[in-house]
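Structure data follow from input36.pdb (PDB, C-alpha atoms):
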MODEL        1
ATOM      1  CA  MET A   1     191.270   9.136 -27.181
ATOM      2  CA  THR A   2     187.740   8.941 -25.744
ATOM      3  CA  LEU A   3     185.101  10.390 -28.046
ATOM      4  CA  ARG A   4     182.574  12.733 -26.491
ATOM      5  CA  LEU A   5     179.597  14.230 -28.282
ATOM      6  CA  PHE A   6     178.652  17.894 -28.321
ATOM      7  CA  THR A   7     175.209  18.393 -26.792
ATOM      8  CA  GLU A   8     173.046  21.394 -25.949
ATOM      9  CA  THR A   9     170.486  21.885 -23.174
ATOM     10  CA  ARG A  10     167.710  24.486 -23.051
ATOM     11  CA  GLY A  11     164.478  25.095 -21.151
ATOM     12  CA  SER A  12     163.242  24.015 -17.743
ATOM     13  CA  GLY A  13     161.141  21.150 -16.448
ATOM     14  CA  PRO A  14     161.360  17.360 -16.826
ATOM     15  CA  ASP A  15     164.284  16.201 -18.974
ATOM     16  CA  LEU A  16     163.420  15.376 -22.594
ATOM     17  CA  VAL A  17     166.207  14.066 -24.861
ATOM     18  CA  LEU A  18     165.756  14.473 -28.640
ATOM     19  CA  LEU A  19     167.359  12.156 -31.214
ATOM     20  CA  HIS A  20     166.944  13.134 -34.873
ATOM     21  CA  GLY A  21     166.619  10.972 -37.973
ATOM     22  CA  TRP A  22     168.882   9.905 -40.854
ATOM     23  CA  GLY A  23     170.535  12.707 -42.804
ATOM     24  CA  MET A  24     169.271  15.295 -40.317
ATOM     25  CA  ASN A  25     170.656  17.075 -37.268
ATOM     26  CA  SER A  26     169.182  18.602 -34.122
ATOM     27  CA  GLY A  27     168.361  21.756 -36.075
ATOM     28  CA  ALA A  28     165.282  19.903 -37.313
ATOM     29  CA  TRP A  29     163.784  20.292 -33.807
ATOM     30  CA  GLU A  30     164.483  24.044 -33.493
ATOM     31  CA  LYS A  31     161.128  25.562 -34.454
ATOM     32  CA  PHE A  32     159.080  22.899 -32.690
ATOM     33  CA  ALA A  33     161.270  23.121 -29.567
ATOM     34  CA  GLU A  34     160.379  26.773 -29.028
ATOM     35  CA  SER A  35     156.972  25.742 -27.701
ATOM     36  CA  LEU A  36     158.522  23.271 -25.232
ATOM     37  CA  TYR A  37     161.045  25.396 -23.359
ATOM     38  CA  GLY A  38     158.617  26.262 -20.569
ATOM     39  CA  ASP A  39     157.507  22.653 -20.095
ATOM     40  CA  PHE A  40     160.652  20.554 -20.575
ATOM     41  CA  ARG A  41     164.394  20.760 -20.154
ATOM     42  CA  LEU A  42     165.412  19.813 -23.687
ATOM     43  CA  HIS A  43     168.632  18.003 -24.531
ATOM     44  CA  PHE A  44     169.653  18.230 -28.201
ATOM     45  CA  ILE A  45     172.011  15.497 -29.354
ATOM     46  CA  ASP A  46     173.390  15.322 -32.885
ATOM     47  CA  LEU A  47     174.066  11.692 -33.751
ATOM     48  CA  PRO A  48     177.729  10.753 -34.362
ATOM     49  CA  GLY A  49     178.683  11.882 -37.864
ATOM     50  CA  PHE A  50     175.816  14.392 -38.098
ATOM     51  CA  GLY A  51     175.390  18.111 -37.440
ATOM     52  CA  ARG A  52     177.721  19.499 -34.776
ATOM     53  CA  ASN A  53     179.083  15.979 -34.278
ATOM     54  CA  ALA A  54     179.910  15.485 -37.964
ATOM     55  CA  ASP A  55     183.571  14.920 -37.048
ATOM     56  CA  ILE A  56     182.815  12.463 -34.231
ATOM     57  CA  MET A  57     182.927   8.985 -35.729
ATOM     58  CA  PRO A  58     183.417   5.722 -33.807
ATOM     59  CA  CYS A  59     185.973   3.363 -35.345
ATOM     60  CA  HIS A  60     183.216   0.845 -36.015
ATOM     61  CA  TYR A  61     179.947   2.634 -36.778
ATOM     62  CA  SER A  62     177.329   0.307 -35.336
ATOM     63  CA  LEU A  63     174.133   0.635 -33.345
ATOM     64  CA  GLU A  64     176.046  -0.385 -30.246
ATOM     65  CA  ALA A  65     178.836   2.161 -30.798
ATOM     66  CA  VAL A  66     176.411   5.004 -31.506
ATOM     67  CA  SER A  67     174.311   4.146 -28.458
ATOM     68  CA  ASP A  68     177.443   3.958 -26.285
ATOM     69  CA  LEU A  69     178.283   7.540 -27.250
ATOM     70  CA  ILE A  70     174.758   8.858 -26.674
ATOM     71  CA  ALA A  71     173.757   7.088 -23.439
ATOM     72  CA  PRO A  72     176.105   9.048 -21.103
ATOM     73  CA  HIS A  73     174.378  12.280 -22.172
ATOM     74  CA  ILE A  74     170.901  11.122 -21.097
ATOM     75  CA  PRO A  75     170.020  12.477 -17.626
ATOM     76  CA  GLN A  76     168.661  10.076 -15.035
ATOM     77  CA  GLY A  77     164.884   9.704 -15.309
ATOM     78  CA  ALA A  78     164.657  11.502 -18.663
ATOM     79  CA  MET A  79     162.075  11.028 -21.373
ATOM     80  CA  LEU A  80     163.795   9.859 -24.567
ATOM     81  CA  MET A  81     162.221  10.771 -27.914
ATOM     82  CA  GLY A  82     163.650   9.318 -31.118
ATOM     83  CA  TRP A  83     162.517  10.336 -34.584
ATOM     84  CA  SER A  84     162.882   7.758 -37.377
ATOM     85  CA  LEU A  85     166.487   6.419 -37.187
ATOM     86  CA  GLY A  86     166.753   8.130 -33.804
ATOM     87  CA  GLY A  87     163.950   5.829 -32.704
ATOM     88  CA  LEU A  88     166.001   2.733 -33.531
ATOM     89  CA  ILE A  89     168.803   4.069 -31.367
ATOM     90  CA  ALA A  90     166.385   4.928 -28.539
ATOM     91  CA  GLN A  91     164.992   1.389 -28.652
ATOM     92  CA  HIS A  92     168.484  -0.090 -28.372
ATOM     93  CA  ILE A  93     169.264   2.128 -25.380
ATOM     94  CA  ALA A  94     166.013   1.108 -23.670
ATOM     95  CA  ILE A  95     166.337  -2.607 -24.452
ATOM     96  CA  HIS A  96     169.846  -2.742 -23.016
ATOM     97  CA  ARG A  97     168.963  -0.413 -20.115
ATOM     98  CA  MET A  98     171.858   1.859 -20.986
ATOM     99  CA  ALA A  99     170.072   4.790 -19.331
ATOM    100  CA  ASN A 100     167.578   5.171 -16.492
ATOM    101  CA  LEU A 101     164.569   6.380 -18.481
ATOM    102  CA  SER A 102     161.144   7.500 -17.312
ATOM    103  CA  MET A 103     159.544   7.078 -20.736
ATOM    104  CA  MET A 104     160.188   6.495 -24.424
ATOM    105  CA  VAL A 105     158.508   8.317 -27.311
ATOM    106  CA  MET A 106     159.031   6.909 -30.808
ATOM    107  CA  MET A 107     158.260   9.511 -33.472
ATOM    108  CA  THR A 108     157.385   7.817 -36.794
ATOM    109  CA  SER A 109     159.820   5.027 -36.010
ATOM    110  CA  THR A 110     159.654   1.250 -36.114
ATOM    111  CA  PRO A 111     161.584  -1.737 -34.739
ATOM    112  CA  GLN A 112     162.382  -2.710 -38.345
ATOM    113  CA  PHE A 113     162.388  -0.199 -41.208
ATOM    114  CA  VAL A 114     162.874  -2.514 -44.170
ATOM    115  CA  GLU A 115     159.960  -4.388 -45.723
ATOM    116  CA  THR A 116     159.955  -8.183 -45.533
ATOM    117  CA  ASN A 117     157.397 -10.877 -46.310
ATOM    118  CA  ASP A 118     155.900 -10.560 -42.837
ATOM    119  CA  TRP A 119     156.511  -6.871 -42.081
ATOM    120  CA  PRO A 120     155.496  -3.642 -43.866
ATOM    121  CA  GLY A 121     158.156  -1.010 -44.360
ATOM    122  CA  ILE A 122     160.526   0.596 -46.849
ATOM    123  CA  LYS A 123     161.225  -1.493 -49.928
ATOM    124  CA  PRO A 124     164.858  -2.702 -49.903
ATOM    125  CA  SER A 125     165.320  -1.364 -53.442
ATOM    126  CA  ILE A 126     164.645   2.196 -52.245
ATOM    127  CA  LEU A 127     167.334   1.995 -49.570
ATOM    128  CA  GLN A 128     169.709   0.481 -52.125
ATOM    129  CA  GLN A 129     169.034   3.395 -54.480
ATOM    130  CA  PHE A 130     169.866   5.879 -51.735
ATOM    131  CA  GLU A 131     173.118   4.044 -51.061
ATOM    132  CA  GLN A 132     174.094   4.088 -54.743
ATOM    133  CA  GLN A 133     173.171   7.766 -55.152
ATOM    134  CA  LEU A 134     175.297   8.742 -52.155
ATOM    135  CA  GLU A 135     178.373   7.828 -54.177
ATOM    136  CA  HIS A 136     177.517  10.426 -56.837
ATOM    137  CA  ASP A 137     175.727  13.335 -55.169
ATOM    138  CA  PHE A 138     174.814  13.099 -51.506
ATOM    139  CA  SER A 139     173.216  16.584 -51.514
ATOM    140  CA  LYS A 140     170.686  15.437 -54.109
ATOM    141  CA  THR A 141     170.179  12.213 -52.162
ATOM    142  CA  LEU A 142     169.357  14.150 -48.994
ATOM    143  CA  GLU A 143     167.027  16.420 -50.944
ATOM    144  CA  ARG A 144     165.159  13.405 -52.315
ATOM    145  CA  PHE A 145     164.912  11.892 -48.841
ATOM    146  CA  LEU A 146     163.460  15.143 -47.504
ATOM    147  CA  ALA A 147     160.834  15.064 -50.248
ATOM    148  CA  ILE A 148     159.847  11.491 -49.345
ATOM    149  CA  GLN A 149     159.482  12.429 -45.684
ATOM    150  CA  ALA A 150     156.981  15.160 -46.507
ATOM    151  CA  MET A 151     155.193  13.193 -49.231
ATOM    152  CA  GLY A 152     151.446  12.921 -48.748
ATOM    153  CA  SER A 153     151.110  15.832 -46.363
ATOM    154  CA  ALA A 154     148.842  18.688 -47.463
ATOM    155  CA  THR A 155     151.718  21.009 -46.533
ATOM    156  CA  ALA A 156     154.448  18.858 -48.139
ATOM    157  CA  ARG A 157     156.268  21.675 -49.946
ATOM    158  CA  ARG A 158     156.227  23.910 -46.882
ATOM    159  CA  ASP A 159     157.325  21.044 -44.610
ATOM    160  CA  MET A 160     160.236  20.111 -46.885
ATOM    161  CA  LYS A 161     161.384  23.729 -47.009
ATOM    162  CA  ALA A 162     161.109  24.063 -43.222
ATOM    163  CA  ILE A 163     163.201  20.941 -42.539
ATOM    164  CA  SER A 164     165.789  21.915 -45.156
ATOM    165  CA  GLN A 165     166.226  25.405 -43.716
ATOM    166  CA  ALA A 166     166.351  24.103 -40.141
ATOM    167  CA  ILE A 167     169.149  21.589 -40.726
ATOM    168  CA  SER A 168     171.193  23.867 -43.012
ATOM    169  CA  GLN A 169     172.400  25.933 -40.030
ATOM    170  CA  TYR A 170     174.605  23.017 -38.913
ATOM    171  CA  PRO A 171     177.511  21.254 -40.673
ATOM    172  CA  LEU A 172     176.847  18.756 -43.447
ATOM    173  CA  PRO A 173     176.807  15.116 -42.355
ATOM    174  CA  ASN A 174     179.776  12.826 -42.697
ATOM    175  CA  VAL A 175     179.242  10.780 -45.865
ATOM    176  CA  ASP A 176     180.409   7.597 -44.129
ATOM    177  CA  ALA A 177     177.864   8.199 -41.362
ATOM    178  CA  LEU A 178     175.178   8.506 -44.038
ATOM    179  CA  ARG A 179     176.232   5.151 -45.504
ATOM    180  CA  LYS A 180     176.362   3.447 -42.125
ATOM    181  CA  GLY A 181     173.035   5.021 -41.136
ATOM    182  CA  LEU A 182     171.427   3.482 -44.222
ATOM    183  CA  MET A 183     172.961   0.163 -43.209
ATOM    184  CA  LEU A 184     171.270   0.446 -39.816
ATOM    185  CA  LEU A 185     167.930   1.222 -41.446
ATOM    186  CA  SER A 186     168.400  -1.820 -43.706
ATOM    187  CA  THR A 187     169.515  -4.364 -41.119
ATOM    188  CA  VAL A 188     168.348  -3.562 -37.569
ATOM    189  CA  ASP A 189     165.457  -5.673 -36.278
ATOM    190  CA  HIS A 190     164.281  -5.056 -32.710
ATOM    191  CA  ARG A 191     160.971  -6.876 -33.046
ATOM    192  CA  LYS A 192     161.834  -9.860 -30.850
ATOM    193  CA  ARG A 193     163.218  -7.629 -28.110
ATOM    194  CA  LEU A 194     160.551  -4.935 -27.804
ATOM    195  CA  ALA A 195     158.938  -6.797 -24.906
ATOM    196  CA  GLU A 196     162.167  -6.272 -22.932
ATOM    197  CA  ILE A 197     161.562  -2.511 -22.791
ATOM    198  CA  SER A 198     160.312  -1.910 -19.277
ATOM    199  CA  VAL A 199     159.544   1.821 -19.383
ATOM    200  CA  PRO A 200     156.231   3.316 -20.631
ATOM    201  CA  SER A 201     156.414   3.615 -24.405
ATOM    202  CA  HIS A 202     154.484   5.791 -26.831
ATOM    203  CA  TRP A 203     154.590   5.371 -30.608
ATOM    204  CA  ILE A 204     153.518   8.291 -32.811
ATOM    205  CA  PHE A 205     152.498   7.575 -36.415
ATOM    206  CA  GLY A 206     151.454   9.761 -39.331
ATOM    207  CA  ARG A 207     148.530   8.439 -41.352
ATOM    208  CA  LEU A 208     150.168   9.692 -44.579
ATOM    209  CA  ASP A 209     153.681   8.439 -43.776
ATOM    210  CA  SER A 210     155.237   6.661 -46.776
ATOM    211  CA  LEU A 211     158.231   5.365 -44.769
ATOM    212  CA  VAL A 212     156.643   3.973 -41.583
ATOM    213  CA  PRO A 213     153.179   2.476 -42.312
ATOM    214  CA  ARG A 214     150.446   3.521 -39.883
ATOM    215  CA  THR A 215     149.236  -0.108 -39.711
ATOM    216  CA  LEU A 216     152.296  -1.003 -37.653
ATOM    217  CA  HIS A 217     150.648   0.186 -34.445
ATOM    218  CA  ARG A 218     148.711  -3.077 -34.054
ATOM    219  CA  ARG A 219     151.834  -5.191 -34.523
ATOM    220  CA  ILE A 220     153.886  -3.094 -32.118
ATOM    221  CA  GLU A 221     151.205  -3.294 -29.441
ATOM    222  CA  GLN A 222     151.331  -7.086 -29.797
ATOM    223  CA  LEU A 223     155.144  -7.189 -29.618
ATOM    224  CA  GLN A 224     155.313  -4.731 -26.736
ATOM    225  CA  PRO A 225     152.282  -5.183 -24.457
ATOM    226  CA  GLY A 226     151.391  -1.937 -22.755
ATOM    227  CA  ALA A 227     152.805   0.279 -25.490
ATOM    228  CA  GLN A 228     150.495   3.087 -26.571
ATOM    229  CA  SER A 229     150.073   4.279 -30.152
ATOM    230  CA  HIS A 230     148.987   7.708 -31.370
ATOM    231  CA  LEU A 231     147.948   8.465 -34.943
ATOM    232  CA  ILE A 232     148.280  11.987 -36.377
ATOM    233  CA  GLU A 233     145.584  12.020 -39.043
ATOM    234  CA  HIS A 234     146.998  14.370 -41.693
ATOM    235  CA  ALA A 235     150.719  13.998 -40.964
ATOM    236  CA  SER A 236     153.472  12.292 -42.901
ATOM    237  CA  HIS A 237     156.949  11.329 -41.593
ATOM    238  CA  ALA A 238     157.657  14.581 -39.726
ATOM    239  CA  PRO A 239     154.502  15.375 -37.715
ATOM    240  CA  PHE A 240     156.344  17.727 -35.357
ATOM    241  CA  ILE A 241     157.014  19.909 -38.432
ATOM    242  CA  SER A 242     153.575  19.704 -40.064
ATOM    243  CA  HIS A 243     151.462  19.463 -36.874
ATOM    244  CA  PRO A 244     153.537  21.036 -34.071
ATOM    245  CA  GLN A 245     150.594  22.011 -31.858
ATOM    246  CA  GLU A 246     149.115  18.528 -31.990
ATOM    247  CA  ILE A 247     152.447  16.959 -31.070
ATOM    248  CA  TYR A 248     152.966  19.555 -28.343
ATOM    249  CA  ARG A 249     149.603  18.734 -26.748
ATOM    250  CA  LEU A 250     150.354  15.028 -26.998
ATOM    251  CA  LEU A 251     153.741  15.412 -25.286
ATOM    252  CA  ILE A 252     152.228  17.462 -22.492
ATOM    253  CA  HIS A 253     149.540  14.802 -22.024
ATOM    254  CA  ILE A 254     152.135  12.014 -22.040
ATOM    255  CA  GLY A 255     154.424  13.913 -19.672
ATOM    256  CA  ASN A 256     151.593  14.526 -17.207
ATOM    257  CA  GLY A 257     151.030  10.787 -17.059
ATOM    258  CA  LEU A 258     154.383  10.164 -15.377
TER
ENDMDL
END

Rewritten as C-alpha cells:
Amino acid sequence: MTLRLFTETRGSGPDLVLLHGWGMNSGAWEKFAESLYGDFRLHFIDLPGFGRNADIMPCHYSLEAVSDLIAPHIPQGAMLMGWSLGGLIAQHIAIHRMANLSMMVMMTSTPQFVETNDWPGIKPSILQQFEQQLEHDFSKTLERFLAIQAMGSATARRDMKAISQAISQYPLPNVDALRKGLMLLSTVDHRKRLAEISVPSHWIFGRLDSLVPRTLHRRIEQLQPGAQSHLIEHASHAPFISHPQEIYRLLIHIGNGL
C-alpha cells in the first residue's frame, strides 16, 4: 500500500510549505500563520509519525523515506520553510532536487545539529539523554524539550505555554518516530552538500538559541555561497512564536525578492 500524508492548505498568494520540528506538529504554526493568510498560500504538513500523520510510518524511517513522502505535496515553485528538524528535511529535498522550489527558509536549523570538534551544536550527551528518557516517559521528555527551545527568551514561560497549547490539539507523536527523529538529529550531516542547493536560501537564527548557535551563520555562508542569514536579537529556538511580527516582516521581505 502506498503511504500518503494528510496535508492542509489555507490562504492565498505564493505557495509556502511549512515543516515543523522534532516532537511537534503543524499546530505549532497556527497562531503565527494567521498573519500570513492574506500574503501566502500556506501548506501545513505534519511529518510522518507526528500530528495528523502519527499513524503514517515508512517501513524504514530515514531522511530519504521521510523526504520521499513529503516532496509530492510541495507545489511547483513553492517556498519551503523548515523549522529545526524540518530544516534538515528541507535541505535534503533541495539538495536532491526532489521538488521545484523558488526559495528555502531555514528557521533555527543547521546542516548538522550535533556538536563535534569542528562544529558547534547540541552536545551528544543531551540527545542521548532524550533517547533514554523516551523509554520511560515521553510526555516528560517532550515537556523538557519544549523548555529548552524557549530557554533564554525573555518570554520563555509564555512561549513554552503557547507551543504546548498549539500542538496539543493534534494527536500525540508516534514514539518510534520520536526515536528515529532523534537519530536524524544525531547523525545527519549536510555540510559538504550545502553548495549543491541551487535555490535562494535564507537562514534565520535566534541570538539566544541554546540548540542552534547563532555563530553558525558565518560557517553556513562559507559552505553555501550566496546564502543569506538573519539574526533575531532576542529570540531563542522558536522565533515565530516569540517574535511573530519580526518573522512576518522578514518573510514578506524575502518573498518580495523573488

Problem set entry | Using all atoms listed in the file: which of A:Leu194, A:Leu251, A:Leu134, A:Met160 has the shortest distance to Ile93 (chain A) | A:Leu194

For this session: In Å, rounded to a single decimal, give me how far CA of Lys192 (chain A) is from CA of Asn25 (chain A).
Result: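 Atom-to-atom, CA of Asn25 (chain A) to CA of Lys192 (chain A), that is 29.1 Å.
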
For this session: Pull the neighbourhood of (150.0, 17.0, -45.5) for me: all residues within 7 Å in file coordinates, counting all atoms listed in the file, as number ranges by chain.
Result: A: 152-156, 234-236

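Nearest residue to Tyr248 (chain A), choosing from A:Ile204, A:Leu16, A:Leu5, A:Leu36 and counting only C-alpha atoms: A:Leu36.
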
Seminar exercise, completed: note - CA of Asn256 (chain A) and CA of Asp39 (chain A) are separated by 10.5 Å

Exercise. Any idea what the distance is between CA of Gly27 (chain A) and CA of Ile167 (chain A)?
Worked result: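 Going from CA of Gly27 (chain A) over to CA of Ile167 (chain A) covers 4.7 Å.
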
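Compared by their closest atoms to Phe32 (chain A), and using all atoms listed in the file, the residues A:Val175, A:Ile163, A:Ile197, A:Leu184 rank with A:Ile163 nearest.
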
For this session: Spell out the residues picked by the PyMOL selection byres ((chain A and resi 81-87) around 8) here, as a list in words.
Result: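 Applied to this file, the PyMOL selection byres ((chain A and resi 81-87) around 8) returns Leu16, Val17, Leu18, Leu19, His20, Gly21, Trp22, Met79, Leu80, Leu88, Ile89, Ala90, Gln91, Met104, Val105, Met106, Met107, Thr108, Ser109, Thr110, Gly181 and Leu185 of chain A.
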
Exercise. Nearest to Gln149 (chain A) among A:Leu3, A:Leu127, A:Leu211, A:Leu63, with distances taken over only C-alpha atoms: which residue is it?
Worked result: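 Of all the options, A:Leu211 lies closest to Gln149 (chain A).
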
For this session: Name the residues captured by the PyMOL selection byres ((chain A and resi 126) around 12) when it is applied to the shown file; answer as a ChimeraX atom specification.
Result: /A:113-115,121-125,127-133,141,144-145,148,182,185-186,210-211

Would you mind exporting C-alpha atoms of the selected residues as a PDB file, keeping the file's coordinate frame?
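Output below, filename again23.pdb:
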ATOM      1  CA  PHE A 113     162.388  -0.199 -41.208  1.00  0.00           C
ATOM      2  CA  VAL A 114     162.874  -2.514 -44.170  1.00  0.00           C
ATOM      3  CA  GLU A 115     159.960  -4.388 -45.723  1.00  0.00           C
ATOM      4  CA  GLY A 121     158.156  -1.010 -44.360  1.00  0.00           C
ATOM      5  CA  ILE A 122     160.526   0.596 -46.849  1.00  0.00           C
ATOM      6  CA  LYS A 123     161.225  -1.493 -49.928  1.00  0.00           C
ATOM      7  CA  PRO A 124     164.858  -2.702 -49.903  1.00  0.00           C
ATOM      8  CA  SER A 125     165.320  -1.364 -53.442  1.00  0.00           C
ATOM      9  CA  LEU A 127     167.334   1.995 -49.570  1.00  0.00           C
ATOM     10  CA  GLN A 128     169.709   0.481 -52.125  1.00  0.00           C
ATOM     11  CA  GLN A 129     169.034   3.395 -54.480  1.00  0.00           C
ATOM     12  CA  PHE A 130     169.866   5.879 -51.735  1.00  0.00           C
ATOM     13  CA  GLU A 131     173.118   4.044 -51.061  1.00  0.00           C
ATOM     14  CA  GLN A 132     174.094   4.088 -54.743  1.00  0.00           C
ATOM     15  CA  GLN A 133     173.171   7.766 -55.152  1.00  0.00           C
ATOM     16  CA  THR A 141     170.179  12.213 -52.162  1.00  0.00           C
ATOM     17  CA  ARG A 144     165.159  13.405 -52.315  1.00  0.00           C
ATOM     18  CA  PHE A 145     164.912  11.892 -48.841  1.00  0.00           C
ATOM     19  CA  ILE A 148     159.847  11.491 -49.345  1.00  0.00           C
ATOM     20  CA  LEU A 182     171.427   3.482 -44.222  1.00  0.00           C
ATOM     21  CA  LEU A 185     167.930   1.222 -41.446  1.00  0.00           C
ATOM     22  CA  SER A 186     168.400  -1.820 -43.706  1.00  0.00           C
ATOM     23  CA  SER A 210     155.237   6.661 -46.776  1.00  0.00           C
ATOM     24  CA  LEU A 211     158.231   5.365 -44.769  1.00  0.00           C
TER      25      LEU A 211
END

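Residue nearest Asn100 (chain A) within the list A:Met24, A:Leu42, A:Asp118, A:Val199: A:Val199 [criterion: smallest interatomic distance, all atoms listed in the file].
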
Interface rows for region 66-102 of chain A against region 8-15 of chain A: nearest pair, Å to one decimal, 9 Å, all atoms listed in the file, as JSON lines:
{"residue": "A:Ile74", "atom": "CA", "partner": "A:Asp15", "partner_atom": "CA", "distance": 8.6}
{"residue": "A:Pro75", "atom": "CA", "partner": "A:Asp15", "partner_atom": "CA", "distance": 7.0}
{"residue": "A:Gln76", "atom": "CA", "partner": "A:Asp15", "partner_atom": "CA", "distance": 8.5}
{"residue": "A:Gly77", "atom": "CA", "partner": "A:Asp15", "partner_atom": "CA", "distance": 7.5}
{"residue": "A:Ala78", "atom": "CA", "partner": "A:Asp15", "partner_atom": "CA", "distance": 4.7}
{"residue": "A:Met79", "atom": "CA", "partner": "A:Asp15", "partner_atom": "CA", "distance": 6.1}
{"residue": "A:Leu80", "atom": "CA", "partner": "A:Asp15", "partner_atom": "CA", "distance": 8.5}

Export, as a compact mmCIF listing (two decimals), in the frame of the given file, the selected residues with C-alpha atoms.
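Written file, selection04.txt:
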# COMPACT_ATOMS: atom_id res chain seq x y z
CA ILE A 74 170.90 11.12 -21.10
CA PRO A 75 170.02 12.48 -17.63
CA GLN A 76 168.66 10.08 -15.04
CA GLY A 77 164.88 9.70 -15.31
CA ALA A 78 164.66 11.50 -18.66
CA MET A 79 162.07 11.03 -21.37
CA LEU A 80 163.79 9.86 -24.57

Tell me which residues the PyMOL selection byres ((chain A and resi 225) around 12) grabs here, as a short mmCIF file (atom, residue, chain, number, x, y, z; two decimals) with C-alpha atoms, keeping the file's coordinate frame.
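So expr.cif came out as:
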data_model
loop_
_atom_site.label_atom_id
_atom_site.label_comp_id
_atom_site.auth_asym_id
_atom_site.auth_seq_id
_atom_site.Cartn_x
_atom_site.Cartn_y
_atom_site.Cartn_z
CA ARG A 193 163.22 -7.63 -28.11
CA LEU A 194 160.55 -4.93 -27.80
CA ALA A 195 158.94 -6.80 -24.91
CA GLU A 196 162.17 -6.27 -22.93
CA ILE A 197 161.56 -2.51 -22.79
CA SER A 198 160.31 -1.91 -19.28
CA VAL A 199 159.54 1.82 -19.38
CA PRO A 200 156.23 3.32 -20.63
CA SER A 201 156.41 3.62 -24.40
CA HIS A 202 154.48 5.79 -26.83
CA HIS A 217 150.65 0.19 -34.44
CA ARG A 218 148.71 -3.08 -34.05
CA ARG A 219 151.83 -5.19 -34.52
CA ILE A 220 153.89 -3.09 -32.12
CA GLU A 221 151.21 -3.29 -29.44
CA GLN A 222 151.33 -7.09 -29.80
CA LEU A 223 155.14 -7.19 -29.62
CA GLN A 224 155.31 -4.73 -26.74
CA GLY A 226 151.39 -1.94 -22.76
CA ALA A 227 152.80 0.28 -25.49
CA GLN A 228 150.50 3.09 -26.57
CA SER A 229 150.07 4.28 -30.15
#

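Using all atoms listed in the file for every distance, the candidate list A:Leu208, A:Leu101, A:Ser35, A:Asp189 yields A:Ser35 as the residue closest to Gln245 (chain A).
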